[in-house]
>>> print(open('protein30.csv').read())   # CSV, C-alpha atoms and all ligand atoms
chain,number,residue,atom,x,y,z
A,1,MET,CA,-16.8,2.5,-20.9
A,2,PRO,CA,-13.3,1.7,-22.2
A,3,ARG,CA,-11.0,0.0,-19.7
A,4,LEU,CA,-8.7,2.2,-17.7
A,5,TYR,CA,-5.1,1.3,-16.9
A,6,PHE,CA,-3.5,2.3,-13.6
A,7,ASP,CA,-0.5,-0.1,-13.6
A,8,ALA,CA,2.3,1.9,-15.2
A,9,ASN,CA,4.8,0.7,-12.7
A,10,ALA,CA,4.3,-2.9,-14.0
A,11,SER,CA,4.6,-2.0,-17.7
A,12,THR,CA,3.7,0.7,-20.1
A,13,PRO,CA,2.3,0.7,-23.7
A,14,PRO,CA,5.1,1.2,-26.2
A,15,HIS,CA,5.4,4.6,-27.8
A,16,PRO,CA,4.2,4.5,-31.5
A,17,GLU,CA,7.7,5.4,-32.7
A,18,VAL,CA,9.0,2.4,-30.6
A,19,VAL,CA,6.5,0.1,-32.4
A,20,GLU,CA,7.7,1.4,-35.8
A,21,ALA,CA,11.4,1.2,-34.8
A,22,VAL,CA,10.9,-2.5,-33.8
A,23,ARG,CA,8.9,-3.3,-36.9
A,24,ARG,CA,11.5,-1.8,-39.2
A,25,ALA,CA,14.4,-3.4,-37.4
A,26,MET,CA,12.7,-6.8,-37.7
A,27,ALA,CA,12.0,-6.3,-41.4
A,28,GLU,CA,15.3,-4.7,-42.4
A,29,ASP,CA,18.0,-5.3,-39.8
A,30,TRP,CA,17.6,-8.9,-39.0
A,31,ALA,CA,21.2,-9.9,-39.8
A,32,ASN,CA,23.5,-11.1,-37.0
A,33,PRO,CA,25.5,-8.1,-35.8
A,34,THR,CA,28.5,-10.4,-35.2
A,35,SER,CA,28.7,-11.4,-38.9
A,36,THR,CA,31.4,-9.7,-40.9
A,37,HIS,CA,29.4,-9.3,-44.1
A,38,ARG,CA,27.8,-6.0,-45.1
A,39,GLU,CA,24.3,-7.0,-43.7
A,40,GLY,CA,25.9,-7.9,-40.3
A,41,GLN,CA,28.0,-4.8,-40.2
A,42,ARG,CA,24.9,-2.7,-40.9
A,43,ALA,CA,23.2,-4.3,-37.9
A,44,ARG,CA,26.3,-3.7,-35.8
A,45,PHE,CA,26.4,0.0,-36.8
A,46,ARG,CA,22.7,0.4,-35.8
A,47,ILE,CA,23.4,-1.1,-32.3
A,48,GLU,CA,26.4,1.1,-31.7
A,49,GLU,CA,24.4,4.2,-32.9
A,50,ALA,CA,21.7,3.3,-30.4
A,51,ARG,CA,24.2,2.7,-27.6
A,52,ARG,CA,25.8,6.2,-28.2
A,53,GLU,CA,22.4,7.8,-28.2
A,54,ILE,CA,21.2,6.1,-25.0
A,55,ALA,CA,24.6,6.8,-23.3
A,56,ALA,CA,24.4,10.5,-24.1
A,57,SER,CA,21.0,10.7,-22.5
A,58,LEU,CA,22.3,9.1,-19.3
A,59,GLY,CA,25.6,11.1,-19.4
A,60,VAL,CA,27.8,8.0,-19.5
A,61,ALA,CA,30.3,6.6,-21.9
A,62,PRO,CA,28.8,4.3,-24.5
A,63,GLY,CA,31.2,1.5,-23.7
A,64,GLU,CA,30.0,1.4,-20.1
A,65,LEU,CA,26.5,0.2,-21.2
A,66,VAL,CA,25.6,-3.5,-21.6
A,67,PHE,CA,22.4,-4.3,-23.4
A,68,CYS,CA,20.4,-7.0,-21.5
A,69,SER,CA,16.9,-8.5,-22.0
A,70,SER,CA,15.4,-7.3,-18.7
A,71,ALA,CA,16.4,-5.5,-15.6
A,72,THR,CA,16.0,-8.8,-13.8
A,73,GLU,CA,18.7,-10.2,-16.0
A,74,ALA,CA,20.9,-7.1,-15.6
A,75,LEU,CA,20.6,-7.3,-11.8
A,76,HIS,CA,21.5,-11.0,-11.8
A,77,LEU,CA,24.5,-10.5,-14.1
A,78,LEU,CA,25.7,-7.5,-12.0
A,79,ILE,CA,25.3,-9.0,-8.5
A,80,ARG,CA,26.4,-12.5,-9.3
A,81,GLY,CA,29.3,-11.1,-11.3
A,82,LEU,CA,30.5,-9.1,-8.3
A,83,HIS,CA,30.1,-12.1,-6.0
A,84,SER,CA,33.3,-14.0,-6.8
A,85,ALA,CA,35.5,-11.0,-6.1
A,86,LEU,CA,33.6,-9.5,-3.2
A,87,GLY,CA,31.4,-12.2,-1.8
A,88,ASP,CA,33.5,-12.8,1.3
A,89,ARG,CA,32.5,-9.4,2.6
A,90,PRO,CA,28.9,-8.4,3.5
A,91,ALA,CA,26.4,-6.7,1.3
A,92,ALA,CA,24.2,-4.0,2.7
A,93,VAL,CA,20.8,-3.9,1.0
A,94,PHE,CA,17.6,-1.9,1.3
A,95,PRO,CA,15.0,-4.4,2.5
A,96,GLY,CA,12.3,-3.1,0.2
A,97,GLU,CA,14.3,-3.9,-3.0
A,98,HIS,CA,12.5,-5.7,-5.9
A,99,SER,CA,12.8,-9.5,-5.9
A,100,ALA,CA,14.9,-9.2,-9.1
A,101,CYS,CA,17.5,-7.6,-6.8
A,102,LEU,CA,17.0,-9.7,-3.7
A,103,ASN,CA,17.1,-13.1,-5.4
A,104,PRO,CA,20.7,-12.9,-6.8
A,105,LEU,CA,21.8,-11.8,-3.3
A,106,ARG,CA,20.9,-15.2,-1.9
A,107,ASP,CA,24.4,-16.4,-2.8
A,108,TRP,CA,26.0,-13.8,-0.6
A,109,PRO,CA,26.9,-15.4,2.8
A,110,ARG,CA,26.3,-12.2,4.7
A,111,VAL,CA,23.6,-9.6,3.9
A,112,SER,CA,22.7,-6.9,6.3
A,113,TRP,CA,19.7,-4.6,5.9
A,114,LEU,CA,20.1,-0.9,5.4
A,115,PRO,CA,20.3,1.5,7.2
A,116,GLY,CA,22.7,-0.9,9.0
A,117,LEU,CA,26.1,-0.6,7.4
A,118,PRO,CA,28.8,-3.2,8.4
A,119,ALA,CA,32.3,-1.8,8.5
A,120,ASP,CA,33.7,-4.1,5.8
A,121,CYS,CA,30.7,-3.7,3.5
A,122,ALA,CA,31.5,-4.8,-0.1
A,123,THR,CA,28.5,-3.5,-1.9
A,124,VAL,CA,25.4,-1.3,-1.1
A,125,VAL,CA,22.2,-1.9,-2.9
A,126,GLN,CA,19.6,0.9,-2.8
A,127,MET,CA,16.8,1.4,-5.3
A,128,ALA,CA,16.2,4.9,-6.6
A,129,ALA,CA,12.4,4.6,-6.2
A,130,SER,CA,10.2,1.9,-4.9
A,131,ASN,CA,8.0,0.2,-7.4
A,132,GLU,CA,5.2,-0.2,-4.9
A,133,THR,CA,5.1,3.0,-2.8
A,134,GLY,CA,6.9,5.3,-5.2
A,135,ILE,CA,9.1,6.6,-2.3
A,136,LEU,CA,12.4,8.0,-3.5
A,137,TYR,CA,15.6,6.9,-1.7
A,138,ALA,CA,19.1,8.5,-1.6
A,139,MET,CA,22.2,6.3,-1.8
A,140,PRO,CA,23.7,6.1,1.7
A,141,PRO,CA,27.1,7.7,1.9
A,142,VAL,CA,29.7,4.8,1.8
A,143,LEU,CA,33.3,4.5,1.0
A,144,ASP,CA,35.1,1.5,-0.5
A,145,ALA,CA,31.9,-0.3,-1.5
A,146,VAL,CA,30.3,-0.9,-4.9
A,147,ARG,CA,27.1,1.2,-4.9
A,148,ILE,CA,24.3,-0.4,-6.9
A,149,ARG,CA,21.2,1.6,-8.0
A,150,ASP,CA,18.1,0.0,-9.4
A,151,CYS,CA,16.7,2.9,-11.5
A,152,CYS,CA,13.8,1.0,-13.1
A,153,GLN,CA,11.0,3.0,-11.6
A,154,ALA,CA,12.8,6.4,-11.4
A,155,TRP,CA,13.8,6.5,-15.1
A,156,GLY,CA,11.5,8.7,-17.1
A,157,LYS,CA,9.6,9.9,-14.0
A,158,VAL,CA,12.2,11.9,-12.1
A,159,PRO,CA,15.8,13.0,-12.9
A,160,VAL,CA,18.2,10.1,-12.4
A,161,ALA,CA,21.8,11.0,-11.4
A,162,LEU,CA,24.5,8.3,-11.6
A,163,SER,CA,27.2,10.4,-9.8
A,164,ASP,CA,26.4,8.7,-6.4
A,165,CYS,CA,26.7,5.1,-7.7
A,166,ASP,CA,29.0,2.7,-9.5
A,167,ALA,CA,26.5,0.5,-11.3
A,168,ALA,CA,22.8,0.9,-12.2
A,169,VAL,CA,20.0,-0.9,-14.1
A,170,PHE,CA,17.2,0.4,-16.3
A,171,SER,CA,14.3,-1.3,-17.9
A,172,GLY,CA,12.8,-0.4,-21.3
A,173,HIS,CA,9.2,-1.5,-20.9
A,174,LYS,CA,8.7,0.9,-17.9
A,175,VAL,CA,9.4,3.9,-20.1
A,176,GLY,CA,7.3,3.2,-23.3
A,177,GLY,CA,10.0,1.0,-24.7
A,178,PRO,CA,9.7,-2.6,-25.8
A,179,ARG,CA,9.9,-5.7,-23.6
A,180,GLY,CA,13.3,-7.4,-24.1
A,181,ALA,CA,15.4,-4.3,-23.7
A,182,ALA,CA,17.2,-3.2,-20.6
A,183,LEU,CA,20.5,-1.7,-19.6
A,184,LEU,CA,23.3,-2.5,-17.2
A,185,TRP,CA,25.6,0.4,-16.6
A,186,MET,CA,28.9,-0.2,-14.8
A,187,ARG,CA,31.7,2.2,-14.0
A,188,PRO,CA,34.9,0.9,-15.6
A,189,GLY,CA,37.2,-1.1,-13.3
A,190,LEU,CA,34.6,-2.8,-11.1
A,191,PRO,CA,35.7,-6.2,-9.7
A,192,TRP,CA,33.2,-7.9,-11.9
A,193,GLU,CA,33.2,-11.1,-13.9
A,194,ALA,CA,30.9,-12.0,-16.8
A,195,LEU,CA,28.6,-14.9,-16.3
A,196,MET,CA,27.2,-15.3,-19.8
A,197,GLU,CA,30.2,-16.1,-22.0
A,198,GLY,CA,30.3,-15.0,-25.6
A,199,PRO,CA,31.9,-12.3,-27.7
A,200,GLN,CA,29.0,-9.9,-27.7
A,201,GLU,CA,28.8,-6.7,-25.6
A,202,ARG,CA,32.6,-6.8,-25.2
A,203,ARG,CA,32.4,-10.2,-23.6
A,204,ARG,CA,30.2,-8.9,-20.8
A,205,ARG,CA,26.9,-10.5,-21.9
A,206,GLY,CA,27.1,-13.3,-24.5
A,207,GLY,CA,24.2,-14.0,-26.9
A,208,THR,CA,23.1,-12.5,-30.2
A,209,GLU,CA,21.9,-9.0,-29.5
A,210,ASP,CA,18.2,-8.3,-29.8
A,211,LEU,CA,18.5,-5.6,-32.3
A,212,PRO,CA,14.8,-4.7,-32.7
A,213,ALA,CA,14.5,-4.4,-28.9
A,214,ILE,CA,17.6,-2.2,-28.7
A,215,LEU,CA,16.5,0.1,-31.5
A,216,GLY,CA,13.0,0.3,-29.8
A,217,LEU,CA,14.7,1.3,-26.6
A,218,ALA,CA,16.7,4.0,-28.3
A,219,ALA,CA,13.4,5.3,-29.8
A,220,ALA,CA,11.8,5.4,-26.3
A,221,VAL,CA,14.8,7.2,-24.9
A,222,ARG,CA,14.3,10.0,-27.5
A,223,HIS,CA,11.0,10.8,-25.8
A,224,LEU,CA,12.3,10.5,-22.2
A,225,THR,CA,12.6,14.2,-21.5
A,226,GLU,CA,9.0,14.8,-22.7
A,227,ARG,CA,7.9,11.7,-20.7
A,228,GLN,CA,9.5,13.0,-17.5
A,229,SER,CA,7.8,16.4,-17.8
A,230,MET,CA,4.4,14.8,-18.5
A,231,ASN,CA,5.0,12.5,-15.5
A,232,ALA,CA,5.8,15.6,-13.3
A,233,SER,CA,2.3,17.0,-14.1
A,234,VAL,CA,0.7,13.7,-13.0
A,235,ALA,CA,1.4,14.6,-9.4
A,236,ALA,CA,-1.3,17.2,-9.2
A,237,VAL,CA,-3.9,14.7,-10.6
A,238,ARG,CA,-2.7,12.0,-8.3
A,239,ASP,CA,-2.8,14.4,-5.3
A,240,ALA,CA,-6.4,15.4,-6.0
A,241,PHE,CA,-7.3,11.6,-6.2
A,242,GLU,CA,-5.7,11.0,-2.8
A,243,THR,CA,-7.4,14.0,-1.2
A,244,GLU,CA,-10.7,12.6,-2.5
A,245,VAL,CA,-10.3,9.0,-1.3
A,246,THR,CA,-8.9,10.0,2.1
A,247,SER,CA,-11.8,12.5,2.7
A,248,TRP,CA,-14.4,9.7,3.1
A,249,ASN,CA,-13.2,8.6,6.6
A,250,ARG,CA,-13.2,4.9,5.7
A,251,GLY,CA,-9.9,4.0,7.2
A,252,ILE,CA,-8.1,4.8,3.9
A,253,GLU,CA,-4.4,5.9,4.2
A,254,VAL,CA,-1.9,6.8,1.5
A,255,ILE,CA,1.4,5.1,2.2
A,256,GLY,CA,4.4,7.4,1.9
A,257,GLN,CA,2.3,10.5,1.3
A,258,ALA,CA,4.6,12.7,3.3
A,259,GLU,CA,7.8,11.4,1.7
A,260,PRO,CA,9.4,12.5,-1.6
A,261,ARG,CA,7.6,10.2,-4.1
A,262,LEU,CA,7.3,9.4,-7.8
A,263,PRO,CA,4.7,11.7,-9.3
A,264,ASN,CA,2.7,8.9,-10.8
A,265,THR,CA,2.3,6.5,-7.9
A,266,SER,CA,-0.3,6.2,-5.2
A,267,CYS,CA,0.0,3.3,-2.7
A,268,VAL,CA,-3.3,3.2,-0.8
A,269,LEU,CA,-4.0,1.2,2.3
A,270,PHE,CA,-7.7,0.2,2.6
A,271,ARG,CA,-7.5,-0.8,6.3
A,272,GLY,CA,-9.6,-3.8,7.2
A,273,ARG,CA,-10.4,-4.7,3.6
A,274,ASN,CA,-9.0,-7.5,1.4
A,275,GLY,CA,-6.8,-6.0,-1.2
A,276,GLU,CA,-7.1,-9.0,-3.6
A,277,ALA,CA,-10.9,-8.8,-3.4
A,278,LEU,CA,-10.9,-5.1,-4.1
A,279,HIS,CA,-8.5,-5.6,-6.9
A,280,ALA,CA,-10.7,-8.2,-8.5
A,281,ALA,CA,-13.8,-6.0,-8.1
A,282,LEU,CA,-12.0,-3.0,-9.7
A,283,ASP,CA,-10.9,-5.3,-12.6
A,284,LEU,CA,-14.5,-6.4,-13.2
A,285,ALA,CA,-15.5,-2.7,-13.1
A,286,GLY,CA,-13.0,-1.9,-15.8
A,287,PHE,CA,-9.9,-0.7,-13.9
A,288,ALA,CA,-6.5,-2.4,-14.1
A,289,VAL,CA,-4.7,-1.8,-10.8
A,290,SER,CA,-2.2,-3.8,-8.8
A,291,THR,CA,-2.1,-5.3,-5.3
A,292,GLY,CA,1.6,-4.5,-5.2
A,293,SER,CA,4.5,-5.5,-7.4
A,294,ALA,CA,3.3,-7.4,-10.5
A,295,CYS,CA,5.8,-10.1,-9.5
A,296,HIS,CA,3.9,-10.7,-6.3
A,297,SER,CA,0.4,-10.8,-7.9
A,298,GLY,CA,-1.0,-14.3,-8.0
A,299,ALA,CA,1.0,-15.2,-4.9
A,300,VAL,CA,-0.9,-14.5,-1.7
A,301,LYS,CA,2.4,-13.4,0.1
A,302,PRO,CA,2.0,-9.8,1.3
A,303,SER,CA,4.4,-7.3,0.0
A,304,HIS,CA,7.7,-7.0,1.8
A,305,ALA,CA,8.0,-3.4,0.5
A,306,ILE,CA,5.0,-2.5,2.7
A,307,THR,CA,6.0,-4.5,5.8
A,308,THR,CA,9.5,-3.0,5.6
A,309,LEU,CA,7.9,0.4,6.3
A,310,GLY,CA,6.5,-1.0,9.6
A,311,TYR,CA,3.0,-2.1,8.5
A,312,GLY,CA,1.7,-5.4,9.7
A,313,LEU,CA,0.8,-8.4,7.5
A,314,ASP,CA,-2.9,-7.6,7.6
A,315,ASP,CA,-2.3,-4.0,6.4
A,316,ALA,CA,0.0,-5.3,3.7
A,317,ARG,CA,-2.8,-7.5,2.4
A,318,SER,CA,-5.1,-4.4,2.2
A,319,VAL,CA,-2.9,-2.3,-0.1
A,320,LEU,CA,-3.6,-1.4,-3.7
A,321,ARG,CA,-1.1,0.4,-5.9
A,322,PHE,CA,-2.4,2.9,-8.5
A,323,SER,CA,0.4,3.9,-10.9
A,324,MET,CA,-0.6,6.3,-13.6
A,325,LEU,CA,0.6,6.6,-17.3
A,326,PRO,CA,2.1,10.0,-18.2
A,327,ASP,CA,-1.0,11.0,-20.2
A,328,VAL,CA,-3.6,10.2,-17.5
A,329,GLN,CA,-6.6,12.5,-17.5
A,330,THR,CA,-8.3,14.0,-14.5
A,331,SER,CA,-11.6,12.5,-15.6
A,332,GLU,CA,-10.0,9.0,-15.5
A,333,MET,CA,-8.8,9.5,-12.0
A,334,GLU,CA,-12.2,10.7,-11.0
A,335,ALA,CA,-13.8,7.6,-12.5
A,336,LEU,CA,-11.4,5.5,-10.5
A,337,ALA,CA,-12.2,7.3,-7.3
A,338,ALA,CA,-15.9,7.0,-7.9
A,339,ALA,CA,-15.5,3.2,-8.5
A,340,ILE,CA,-13.5,2.8,-5.3
A,341,LYS,CA,-16.2,4.8,-3.4
A,342,ARG,CA,-18.9,2.4,-4.7
A,343,LEU,CA,-16.8,-0.7,-3.8
A,344,THR,CA,-15.6,0.2,-0.3
B,1,LIG,N1,13.4,-3.4,-10.4
B,1,LIG,C1,12.3,-2.7,-10.1
B,1,LIG,C2,12.3,-1.6,-9.1
B,1,LIG,C3,11.1,-3.0,-10.8
B,1,LIG,O1,10.0,-2.4,-10.6
B,1,LIG,C4,11.2,-4.1,-11.8
B,1,LIG,C5,9.9,-4.5,-12.5
B,1,LIG,O2,8.8,-4.4,-12.0
B,1,LIG,C6,12.4,-4.7,-12.0
B,1,LIG,C7,13.5,-4.4,-11.3
B,1,LIG,C8,12.5,-5.8,-13.0
B,1,LIG,O3,12.4,-5.3,-14.3
B,1,LIG,P1,12.2,-6.2,-15.6
B,1,LIG,O4,10.7,-6.4,-15.8
B,1,LIG,O5,12.8,-5.4,-16.7
B,1,LIG,O6,12.9,-7.5,-15.4
>>> encode(input="protein30.csv", output="structure tokens")
Amino acid sequence: MPRLYFDANASTPPHPEVVEAVRRAMAEDWANPTSTHREGQRARFRIEEARREIAASLGVAPGELVFCSSATEALHLLIRGLHSALGDRPAAVFPGEHSACLNPLRDWPRVSWLPGLPADCATVVQMAASNETGILYAMPPVLDAVRIRDCCQAWGKVPVALSDCDAAVFSGHKVGGPRGAALLWMRPGLPWEALMEGPQERRRRGGTEDLPAILGLAAAVRHLTERQSMNASVAAVRDAFETEVTSWNRGIEVIGQAEPRLPNTSCVLFRGRNGEALHAALDLAGFAVSTGSACHSGAVKPSHAITTLGYGLDDARSVLRFSMLPDVQTSEMEALAAAIKRLT
């Protein structure tokens, strides 16, 4: 049997048009976009064309987008870049944020956890959707604070609105785009300072632009509407899977089942079982799944995204995340459920 992949929240296979766009850019548009000769200017034109196309899809002005190499980088540039102007005041942060978001906040002397909101709060950080549970979160209503949204998991799965935030990040490889392409969006006028000096990206992110990755991202964005509607229909397949696994009365619980969730994510607690061992057994049986965020895999540390919801450490060690690609088939989910039934 071919291997089956249920780890779409970690990464997705690039769309065939993305592969072709990257290949073409590497073969034809390799010149430095900062160079003033014709080859360089052609590369520059291609980047700006991609920026306009992506900005239109997000409903923002092209000049508000900064191309980065990963959402991790974008979050570091954003949060550290706000720190010098705002760092004397506290940040209010959703405790289940991805480590890519929590790590740059270590520099802030005062961080309080949402839903707590200190009166003089400088910035609020609230992910749009959890990478581990798929739960969707609204931005808390705040005044006079920079509202940061990590849209990595929501993008291409559910509609993303930027009206309730001032800055947001997006990652290409979660939406059928290439690795090495991500976006930082900032509303104009934020009290933000660039950390990576250089003339590129209007002095906001120095370093020669990764043109193939950027053109690959633009190709992925062309398919985003279609991807989102395919993802919407994954919910029915996912729900049938959850109904099946919880019907066995084996202490299996779906985390966040009653909450508004991403349509492709099923975060399952196998109470009393070792999540790492089940993960390894499923891998041997041909199923790629996750014990939580990919960034935690390999480390035995239980996921803070689960303990934040009130689950204990033992429960957090008993969780597997199944995240489906947009074209998942019912028969594939049934094969996964059958394997879990054999192994639990
Ligand atoms: N934020 C969230 C919610 C994520 O799920 C991820 C990746 O798993 C990231 C940020 C980091 O994205 P990247 O891999 O582009 O650095």
>>> closest_residue(input="protein30.csv", among="A:Val142, A:Ala220, A:Leu320, A:Ala27", to="Gly156 of chain A", atoms="only C-alpha atoms")
A:Ala220
>>> closest_atom_pairs(input="protein30.csv", of="segment 94-145 of chain A", to="segment 6-19 of chain A", cutoff="12 Å", atoms="all atoms listed in the file", output="Markdown table")
| residue | atom | partner | partner_atom | distance |
| --- | --- | --- | --- | --- |
| A:His98 | CA | A:Ala10 | CA | 11.9 |
| A:Ala129 | CA | A:Asn9 | CA | 10.7 |
| A:Ser130 | CA | A:Asn9 | CA | 9.6 |
| A:Asn131 | CA | A:Asn9 | CA | 6.2 |
| A:Glu132 | CA | A:Asn9 | CA | 7.9 |
| A:Thr133 | CA | A:Asn9 | CA | 10.2 |
| A:Gly134 | CA | A:Asn9 | CA | 9.0 |
>>> closest_residue(input="protein30.csv", among="A:Thr344, A:Asn274, A:Gln126, A:Gln228", to="Asp315 of chain A", atoms="all atoms listed in the file")
A:Asn274
>>> atom_distance(input="protein30.csv", atom1="atom CA of Thr307 of chain A", atom2="atom CA of Ala91 of chain A")
21.0 Å
>>> closest_residue(input="protein30.csv", among="A:Gly275, A:Pro118, A:Gly207, A:Gly286", to="Asp314 of chain A", atoms="all atoms listed in the file")
A:Gly275
>>> build_atoms(input="protein30.csv", residues="segment 220-243 of chain A", atoms="N, CA and C atoms", output="short mmCIF file (atom, residue, chain, number, x, y, z; two decimals), in the frame of the given file")
data_model
loop_
_atom_site.label_atom_id
_atom_site.label_comp_id
_atom_site.auth_asym_id
_atom_site.auth_seq_id
_atom_site.Cartn_x
_atom_site.Cartn_y
_atom_site.Cartn_z
N ALA A 220 12.49 4.97 -27.54
CA ALA A 220 11.80 5.40 -26.30
C ALA A 220 12.65 6.47 -25.60
N VAL A 221 13.96 6.29 -25.59
CA VAL A 221 14.80 7.20 -24.90
C VAL A 221 14.75 8.63 -25.54
N ARG A 222 14.51 8.67 -26.87
CA ARG A 222 14.30 10.00 -27.50
C ARG A 222 13.18 10.77 -26.94
N HIS A 223 12.24 10.08 -26.33
CA HIS A 223 11.00 10.80 -25.80
C HIS A 223 11.09 10.87 -24.25
N LEU A 224 12.25 10.58 -23.67
CA LEU A 224 12.30 10.50 -22.20
C LEU A 224 12.14 11.85 -21.51
N THR A 225 12.71 12.91 -22.10
CA THR A 225 12.60 14.20 -21.50
C THR A 225 11.13 14.66 -21.43
N GLU A 226 10.47 14.45 -22.58
CA GLU A 226 9.00 14.80 -22.70
C GLU A 226 8.24 13.93 -21.70
N ARG A 227 8.58 12.65 -21.60
CA ARG A 227 7.90 11.70 -20.70
C ARG A 227 8.02 12.18 -19.24
N GLN A 228 9.25 12.58 -18.90
CA GLN A 228 9.50 13.00 -17.50
C GLN A 228 8.69 14.25 -17.18
N SER A 229 8.59 15.19 -18.13
CA SER A 229 7.80 16.40 -17.80
C SER A 229 6.32 16.09 -17.75
N MET A 230 5.86 15.16 -18.60
CA MET A 230 4.40 14.80 -18.50
C MET A 230 4.18 14.08 -17.15
N ASN A 231 5.11 13.22 -16.75
CA ASN A 231 5.00 12.50 -15.50
C ASN A 231 4.93 13.54 -14.30
N ALA A 232 5.75 14.61 -14.41
CA ALA A 232 5.80 15.60 -13.30
C ALA A 232 4.38 16.20 -13.13
N SER A 233 3.65 16.40 -14.23
CA SER A 233 2.30 17.00 -14.10
C SER A 233 1.27 16.02 -13.59
N VAL A 234 1.61 14.74 -13.57
CA VAL A 234 0.70 13.70 -13.00
C VAL A 234 0.49 13.92 -11.52
N ALA A 235 1.51 14.48 -10.86
CA ALA A 235 1.40 14.60 -9.40
C ALA A 235 0.19 15.36 -8.95
N ALA A 236 -0.18 16.41 -9.66
CA ALA A 236 -1.30 17.20 -9.20
C ALA A 236 -2.62 16.38 -9.34
N VAL A 237 -2.74 15.60 -10.41
CA VAL A 237 -3.90 14.70 -10.60
C VAL A 237 -3.95 13.65 -9.55
N ARG A 238 -2.79 13.08 -9.29
CA ARG A 238 -2.70 12.00 -8.30
C ARG A 238 -3.04 12.58 -6.88
N ASP A 239 -2.54 13.79 -6.58
CA ASP A 239 -2.80 14.40 -5.30
C ASP A 239 -4.30 14.64 -5.07
N ALA A 240 -4.96 15.09 -6.13
CA ALA A 240 -6.40 15.40 -6.00
C ALA A 240 -7.16 14.05 -5.76
N PHE A 241 -6.73 12.98 -6.41
CA PHE A 241 -7.30 11.60 -6.20
C PHE A 241 -7.14 11.24 -4.72
N GLU A 242 -5.93 11.45 -4.20
CA GLU A 242 -5.70 11.00 -2.80
C GLU A 242 -6.46 11.88 -1.82
N THR A 243 -6.60 13.17 -2.11
CA THR A 243 -7.40 14.00 -1.20
C THR A 243 -8.84 13.53 -1.21
#
